[in-house]
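So the structure is just underneath, and the comments pick up after that.
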Amino acid sequence: MTTESEYINVQVVVDAYKTLISVAAADAYPCADRKLRGAHEEALTDMRDLVRKAKIAASQDGRYPDDANYLLGAQSLCDGTRALYSVWRLLEDGDPHAAWMSLIDAQEHCLLASRTLAAGKDLPAFLERLRLIETACFPPRVFFSPGFSHSPGRCTICDENIVTCEHEEGLIYNGQVCAEHSIVDLEFNHIAIVDNPRDRRACAEEIEQDDGCYLDVLTRQRREATEEEQQKRTTAPVSLRLSTIFMCTRLPPGANL
Amino acid sequence: MSLHQLVQPLHSRPLHGSVEFWRQKAKALGGHVEVDFERKRDGLSFRPARLTVYIVDRDGNRVERSPEPWDEEINEDLIAIGTRAVTVNNEVERLGYSLKFKFEPVEVRYGDGFFNAMLVLMLNELGFVVLPSVARCLEKISADSPSRDSIAYGAARRDIENALREAGGPLTASLGYADDVAQQLLGDAVAYYLDERFHITNRERLGYAHQKTHPKSAESTTSGVDHQVDLPDKRSQDQLRASTISVSDDATLDDWGLEPGNTLMLLPGSVDEDGVPHFALSTRIIAKRLSASKVVWSYSHDVESARFYQARDADWLGPTLFVTYAVLVAQPHILTSTLSLISAFLEERFSPDCTRTRVKMSVIAYKTTWGRKVRHIHFDGPPQELHRIADDVAHILTGTHDD
């Protein structure tokens with residue numbers, strides 16, 4: 001059977017990727033020309049698809065796990081850099097909540113890339129930049145994390161029971177991250193306010209103020225409480241609106257081929 | 001390659017393609033090639049070794065850099081064309097690491113026990129012992145004398161000597177070091193090799209520096225764990241903390257609803273009213289690492305029907321371990337091995353911030369002779385210190401605390 005790998009020259013893909021990523025990472029600043037940023041974002045999307053295609057081919061071939069792992073890192077860097085461009089675009093478009101999500105995407109993708117050979121010498125500085133953007137462009141956040149239990153799910157690598165299979169969660173195998181999927185029988189038992197959540201997307205979006213108004217944590221806009229919220233106030237002195245807590249069961253980047 | 005080339009001495013074989021390329025390039029520039037050996041320590045082990053090859057022009061400027069994963073053939077060919085390491089210390093490490101490959105066939109042929117004994121004997125005989133770096137290692141290694149009646153005695157001497165000559169010869173012949181410098185380099189490289197082979201630095205890091213490493217009996221030819229770690233009779237009072245380790249006599253197992261086992265056991269953090277065990281999520285990762293490290297262990301309950309929990313009152317909730325006194329006596333190193341494995345996992349997991357990571361662990365120890373009393377050990381410290389709990393557990397169970 002002809003495999004896809006016969007049609008993809010990995011070296012050509014890697015060369016093209018390296019050329020693009022070095023330029024795109026260097027230009028990823030909010031002061032850069034908007035059209036240029038848009039062009040980079042599009043190019044990174046196309047490159048990400050091409051790299052992913054090469055990764056799948058290498059992974060399915062089975063003889064080149066190192067190539068597949070490298071390409072996973074390259075794909076993650078494309079995703080991470082593209083997500084940073086999205087941060088600037090979304091902030092300009094007045095959607096800071098979506099921008100925050102993109103920033104966390106960027107951090108997660110680049111962290112994954114840092115565990116592969118695709119990580120270049122500039123990646124630690126890029127990761128530090130992403131960390132600084134969190135405090136320079138966004139106000140302090142209140143994070144949440146759920147406590148829960150569940151029955152064992154299945155392994156993304158072999159699709160067997162994650163407890164008894166040979167793969168270790170979080171490690172990269174042949175271009176894919178081992179993670180638990182198909183978790184069933186989920187039982188939440190508490191939500192905790194924490195400094196270091198499992199998922200930094202789970203945070204407060206609105207916080208009730210002493211005067212009864214609600215402050216949007218990111219836009220800094222205030223609004224009056226609705227009638228329903230005013231009624232609840234008797235039992236809950238301060239209320240918060242959460243972005244999400246269900247992200248805790250989502251698959252990490254790289255868990256899907 | 002021609003038939004003529006095939007029958008030439010090995011040193012005249014064609015160079016590795018990459019080495020030939022670097023040599024030609026340096027020659028065209030009127031410069032030379034140099035190499036930087038890198039093998040970073042990572043907890044109790046090392047990251048993969050790498051060679052970074054530099055092309056240096058006639059003015060001494062590095063014009064090209066090629067990082068390569070370690071390859072013994074490339075290294076030998078680099079030495080053959082006279083490529084020195086960037087510094088003398090770097091040369092020592094490169095040569096020391098290379099010794100591992102040179103001694104490997106000898107070890108396989110004679111078995112690690114006999115090889116260890118012969119190696120120590122020969123290093124003494126050949127005068128390595130006058131070098132401080134080697135002497136430091138040898139004084140921490142306790143080796144039996146090999147049997148001189150063995151048929152292998154003469155052959156092993158010859159093979160070890162050849163391996164050393166193969167490593168040392170090129171220092172003067174190809175790399176152009178002066179004779180006295182070359183002797184020092186070879187000695188330090190041997191010390192580098194001995195340190196890793198006999199876990200000298202690792203033992204210091206684990207707090208066993210005062211004990212000698214015992215290579216296997218010289219008569220033994222079996223492979224496997226190459227030294228025995230004995231629990232020291234020494235107390236490091238200031239470390240103890242948290243926990244997840246329980247040490248008990250078998251007599252209490254019934255009270256806990258557990259069957260006596262002859263292995264390290266992984267326990268659930270709780271069992272609900274329906275009898276379903278709830279394990280910390282970390283348990284299954286540590287279980288897989290224990291298996292990979294050949295530590296014999298078992299789950300205390302059927303995990304097919306178990307539940308796994310996670311919560312964020314800590315960044316990482318460790319597994320609950322159970323070790324009986326019988327297991328501890330039969331396998332005195334099991335606690336140290338398991339705790340070192342957890343330390344290594346935490347260092348990896350929380351890298352690069354592991355220096356700021358704090359681990360809390362509690363140990364509950366119980367002996368039937370203590371009546372209804374139990375002893376608690378609490379640890380709160382960096383992951384690297386976790387193994388020290390093993391000392392205190394041993395002391396409590398074997399020491400003078402029965403009062």
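Labels for the structure tokens follow display order: chains A, B, ..., residues from 1 in each chain, ligands from 1.
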Worksheet item: Contacts of segment 17-29 of chain B at 10 Å or less, counting only C-alpha atoms, minus same-chain residues fewer than 6 places along, as a list in words?
Response: Val53, Tyr54, Ile55, Val56, Asp57, Arg58, Asp59, Val63, Glu64, Ser66, Glu73, Ile74, Asn75, Glu76, Asp77, Leu78, Ile79, Ala80, Ile81, Gly82 and Thr83 of chain B
Discussion item. Show me, as a PyMOL selection string, every residue of chain A with an atom at most 12 Å from chain B, counting only C-alpha atoms.
Written reply: chain A and resi 111+114-115+117+124+143-154+160-171+178-180+183-199+248-249
Practice prompt. Work out how far apart atom CA of Pro277 of chain B and atom CA of Asp302 of chain B are and give it in Å to one decimal.
Written response: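 So the two atoms, atom CA of Pro277 of chain B and atom CA of Asp302 of chain B, lie 8.3 Å apart.
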Practice prompt. Identify which of the residues B:Glu93, B:Glu68, B:Asp392, B:Asp179 lies closest to Ala365 of chain B, counting only C-alpha atoms when measuring atom-to-atom distances.
Written response: B:Asp392
Worksheet item: Per DSSP on the backbone, what are the alpha helix (DSSP H) residues of segment 60-124 of chain B, as an MDAnalysis selection string?
Response: chainID B and resid 72:80 88:110 112:124
Sorted by chain and rising residue number, which residues of segment 61-124 of chain A lie within 9 Å of segment 200-214 of chain A, and what are their closest atom pairs and distances in Å to one decimal, counting only C-alpha atoms, as JSON lines?
{"residue": "A:His97", "atom": "CA", "partner": "A:Glu205", "partner_atom": "CA", "distance": 8.0}
{"residue": "A:Trp100", "atom": "CA", "partner": "A:Arg201", "partner_atom": "CA", "distance": 7.7}
{"residue": "A:Met101", "atom": "CA", "partner": "A:Arg201", "partner_atom": "CA", "distance": 6.1}
{"residue": "A:Ile104", "atom": "CA", "partner": "A:Arg200", "partner_atom": "CA", "distance": 6.7}
Discussion item. Could you check the closest approach to Arg250 of chain A for each of A:Pro139, A:Ala16, A:His181, A:Trp88 and tell me which residue wins, using only C-alpha atoms?
Written reply: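 Under the stated criterion, the closest residue is A:His181.
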Can you tell me which residues surround Leu77 of chain A at a distance of at most 7 Å, considering only C-alpha atoms, apart from same-chain residues fewer than 3 positions away, and format the answer as a tab-separated table (two decimals) with N, CA, C and O atoms, in the first residue's frame?
chain	number	residue	atom	x	y	z
A	73	GLY	N	6.64	18.79	17.70
A	73	GLY	CA	7.16	20.03	18.29
A	73	GLY	C	7.01	21.20	17.33
A	73	GLY	O	6.63	22.31	17.72
A	74	ALA	N	7.31	20.95	16.05
A	74	ALA	CA	7.20	22.01	15.04
A	74	ALA	C	5.74	22.47	14.90
A	74	ALA	O	5.45	23.66	14.82
A	80	GLY	N	1.49	27.61	18.67
A	80	GLY	CA	1.75	28.56	19.75
A	80	GLY	C	1.98	29.96	19.22
A	80	GLY	O	1.45	30.94	19.76
A	81	THR	N	2.77	30.07	18.16
A	81	THR	CA	3.07	31.40	17.60
A	81	THR	C	1.81	32.01	16.98
A	81	THR	O	1.52	33.20	17.14
A	109	HIS	N	1.05	25.18	23.95
A	109	HIS	CA	1.68	24.63	22.74
A	109	HIS	C	3.20	24.78	22.81
A	109	HIS	O	3.94	23.85	22.46
A	110	CYS	N	3.65	25.95	23.26
A	110	CYS	CA	5.11	26.17	23.29
A	110	CYS	C	5.77	25.31	24.37
A	110	CYS	O	6.90	24.86	24.19
A	113	ALA	N	6.23	22.04	22.82
A	113	ALA	CA	7.35	22.08	21.87
A	113	ALA	C	8.69	22.04	22.60
A	113	ALA	O	9.66	21.45	22.12
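With atom CA of Val323 of chain B on one side and atom CA of His376 of chain B on the other, the separation reads 14.7 Å.
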Worksheet item: Which of these residues is nearest to Asn174 of chain A, using only C-alpha atoms: A:Leu103, A:Ile56, A:Leu251, A:Cys78?
Response: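 Of the candidates, the smallest distance to Asn174 of chain A is held by A:Ile56.
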Worksheet item: When distances are computed from only C-alpha atoms, which of B:Lys100, B:Arg109, B:Arg388, B:Lys140 shows the smallest separation from Tyr192 of chain B?
Response: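 Going through B:Lys100, B:Arg109, B:Arg388, B:Lys140 one by one, the smallest distance to Tyr192 of chain B is for B:Lys100.
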Discussion item. Set the distance at 9 Å and use only C-alpha atoms: which residues neighbour segment 41-48 of chain A once local chain neighbours fewer than 2 positions away are removed? I'd like the list as a list in words.
Written reply: Val13, Ala16, Tyr17, Leu20, Ile21, Ala24, Leu36, Arg37, Gly38, Ala39, Leu50, Val51, Arg52, Lys53, Ala74, Gln75, Ser76, Leu77, Cys78, Asp79, Thr81, Arg82, Ala83, Tyr85 and Ser86 of chain A
Output N, CA and C atoms for every residue in the selection just made, as a PDB file, in the first residue's frame.
ATOM      1  N   VAL A  13       9.745  20.140   4.254  1.00  0.00           N
ATOM      2  CA  VAL A  13       8.769  20.718   5.187  1.00  0.00           C
ATOM      3  C   VAL A  13       9.495  21.401   6.351  1.00  0.00           C
ATOM      4  N   ALA A  16      11.154  24.673   5.312  1.00  0.00           N
ATOM      5  CA  ALA A  16      10.163  25.742   5.133  1.00  0.00           C
ATOM      6  C   ALA A  16       9.644  26.215   6.490  1.00  0.00           C
ATOM      7  N   TYR A  17       9.421  25.257   7.380  1.00  0.00           N
ATOM      8  CA  TYR A  17       8.924  25.590   8.726  1.00  0.00           C
ATOM      9  C   TYR A  17       9.927  26.474   9.468  1.00  0.00           C
ATOM     10  N   LEU A  20       9.923  30.019   8.212  1.00  0.00           N
ATOM     11  CA  LEU A  20       8.742  30.780   8.601  1.00  0.00           C
ATOM     12  C   LEU A  20       8.748  31.104  10.099  1.00  0.00           C
ATOM     13  N   ILE A  21       9.056  30.101  10.920  1.00  0.00           N
ATOM     14  CA  ILE A  21       8.900  30.289  12.361  1.00  0.00           C
ATOM     15  C   ILE A  21       9.871  31.344  12.886  1.00  0.00           C
ATOM     16  N   ALA A  24       8.284  34.676  11.844  1.00  0.00           N
ATOM     17  CA  ALA A  24       6.992  34.913  12.504  1.00  0.00           C
ATOM     18  C   ALA A  24       7.174  35.183  13.996  1.00  0.00           C
ATOM     19  N   LEU A  36       0.756  42.713   8.136  1.00  0.00           N
ATOM     20  CA  LEU A  36       1.857  41.756   8.224  1.00  0.00           C
ATOM     21  C   LEU A  36       1.514  40.652   9.227  1.00  0.00           C
ATOM     22  N   ARG A  37       0.918  41.073  10.346  1.00  0.00           N
ATOM     23  CA  ARG A  37       0.553  40.085  11.366  1.00  0.00           C
ATOM     24  C   ARG A  37      -0.493  39.123  10.813  1.00  0.00           C
ATOM     25  N   GLY A  38      -1.442  39.683  10.055  1.00  0.00           N
ATOM     26  CA  GLY A  38      -2.490  38.842   9.458  1.00  0.00           C
ATOM     27  C   GLY A  38      -1.888  37.825   8.497  1.00  0.00           C
ATOM     28  N   ALA A  39      -0.912  38.303   7.725  1.00  0.00           N
ATOM     29  CA  ALA A  39      -0.269  37.402   6.748  1.00  0.00           C
ATOM     30  C   ALA A  39       0.478  36.284   7.467  1.00  0.00           C
ATOM     31  N   LEU A  50       0.487  21.670   7.101  1.00  0.00           N
ATOM     32  CA  LEU A  50       1.474  20.904   6.333  1.00  0.00           C
ATOM     33  C   LEU A  50       2.350  20.056   7.265  1.00  0.00           C
ATOM     34  N   VAL A  51       2.791  20.682   8.356  1.00  0.00           N
ATOM     35  CA  VAL A  51       3.646  19.965   9.320  1.00  0.00           C
ATOM     36  C   VAL A  51       2.866  18.810   9.946  1.00  0.00           C
ATOM     37  N   ARG A  52       1.621  19.062  10.245  1.00  0.00           N
ATOM     38  CA  ARG A  52       0.803  18.013  10.859  1.00  0.00           C
ATOM     39  C   ARG A  52       0.643  16.837   9.902  1.00  0.00           C
ATOM     40  N   LYS A  53       0.454  17.177   8.621  1.00  0.00           N
ATOM     41  CA  LYS A  53       0.305  16.122   7.612  1.00  0.00           C
ATOM     42  C   LYS A  53       1.581  15.267   7.556  1.00  0.00           C
ATOM     43  N   ALA A  74       7.308  20.947  16.050  1.00  0.00           N
ATOM     44  CA  ALA A  74       7.197  22.010  15.041  1.00  0.00           C
ATOM     45  C   ALA A  74       5.744  22.466  14.903  1.00  0.00           C
ATOM     46  N   GLN A  75       4.848  21.486  14.886  1.00  0.00           N
ATOM     47  CA  GLN A  75       3.417  21.820  14.791  1.00  0.00           C
ATOM     48  C   GLN A  75       2.990  22.658  16.005  1.00  0.00           C
ATOM     49  N   SER A  76       3.476  22.273  17.171  1.00  0.00           N
ATOM     50  CA  SER A  76       3.102  23.001  18.393  1.00  0.00           C
ATOM     51  C   SER A  76       3.631  24.433  18.366  1.00  0.00           C
ATOM     52  N   LEU A  77       4.844  24.588  17.827  1.00  0.00           N
ATOM     53  CA  LEU A  77       5.391  25.949  17.750  1.00  0.00           C
ATOM     54  C   LEU A  77       4.597  26.808  16.770  1.00  0.00           C
ATOM     55  N   CYS A  78       4.164  26.189  15.665  1.00  0.00           N
ATOM     56  CA  CYS A  78       3.301  26.935  14.726  1.00  0.00           C
ATOM     57  C   CYS A  78       2.010  27.328  15.442  1.00  0.00           C
ATOM     58  N   ASP A  79       1.427  26.361  16.159  1.00  0.00           N
ATOM     59  CA  ASP A  79       0.170  26.638  16.874  1.00  0.00           C
ATOM     60  C   ASP A  79       0.379  27.723  17.934  1.00  0.00           C
ATOM     61  N   THR A  81       2.774  30.071  18.160  1.00  0.00           N
ATOM     62  CA  THR A  81       3.068  31.401  17.602  1.00  0.00           C
ATOM     63  C   THR A  81       1.809  32.006  16.984  1.00  0.00           C
ATOM     64  N   ARG A  82       1.048  31.144  16.305  1.00  0.00           N
ATOM     65  CA  ARG A  82      -0.201  31.619  15.710  1.00  0.00           C
ATOM     66  C   ARG A  82      -1.152  32.109  16.813  1.00  0.00           C
ATOM     67  N   ALA A  83      -1.182  31.390  17.917  1.00  0.00           N
ATOM     68  CA  ALA A  83      -2.063  31.797  19.024  1.00  0.00           C
ATOM     69  C   ALA A  83      -1.643  33.157  19.585  1.00  0.00           C
ATOM     70  N   TYR A  85      -0.320  35.594  17.820  1.00  0.00           N
ATOM     71  CA  TYR A  85      -0.875  36.581  16.877  1.00  0.00           C
ATOM     72  C   TYR A  85      -2.366  36.796  17.147  1.00  0.00           C
ATOM     73  N   SER A  86      -3.049  35.687  17.490  1.00  0.00           N
ATOM     74  CA  SER A  86      -4.486  35.813  17.785  1.00  0.00           C
ATOM     75  C   SER A  86      -4.708  36.696  19.013  1.00  0.00           C
TER      76      SER A  86
END
Worksheet item: Which polymer residues have any atom within 12 Å of an atom of Ile133 of chain A, counting only C-alpha atoms, with same-chain residues fewer than 6 positions away left out, as a list of chain:residue names?
Response: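 Answer for this query is A:Ala28, A:Tyr29, A:Pro30, A:Leu84, A:Val87, A:Trp88, A:Ala99, A:Trp100, A:Ser102, A:Leu103, A:Ile104, A:Ala106, A:Gln107, A:Phe126, A:Leu127, A:Pro139, A:Pro140.
In this structure, atom CA of Met122 of chain B sits 20.0 Å away from atom CA of Asp180 of chain B.
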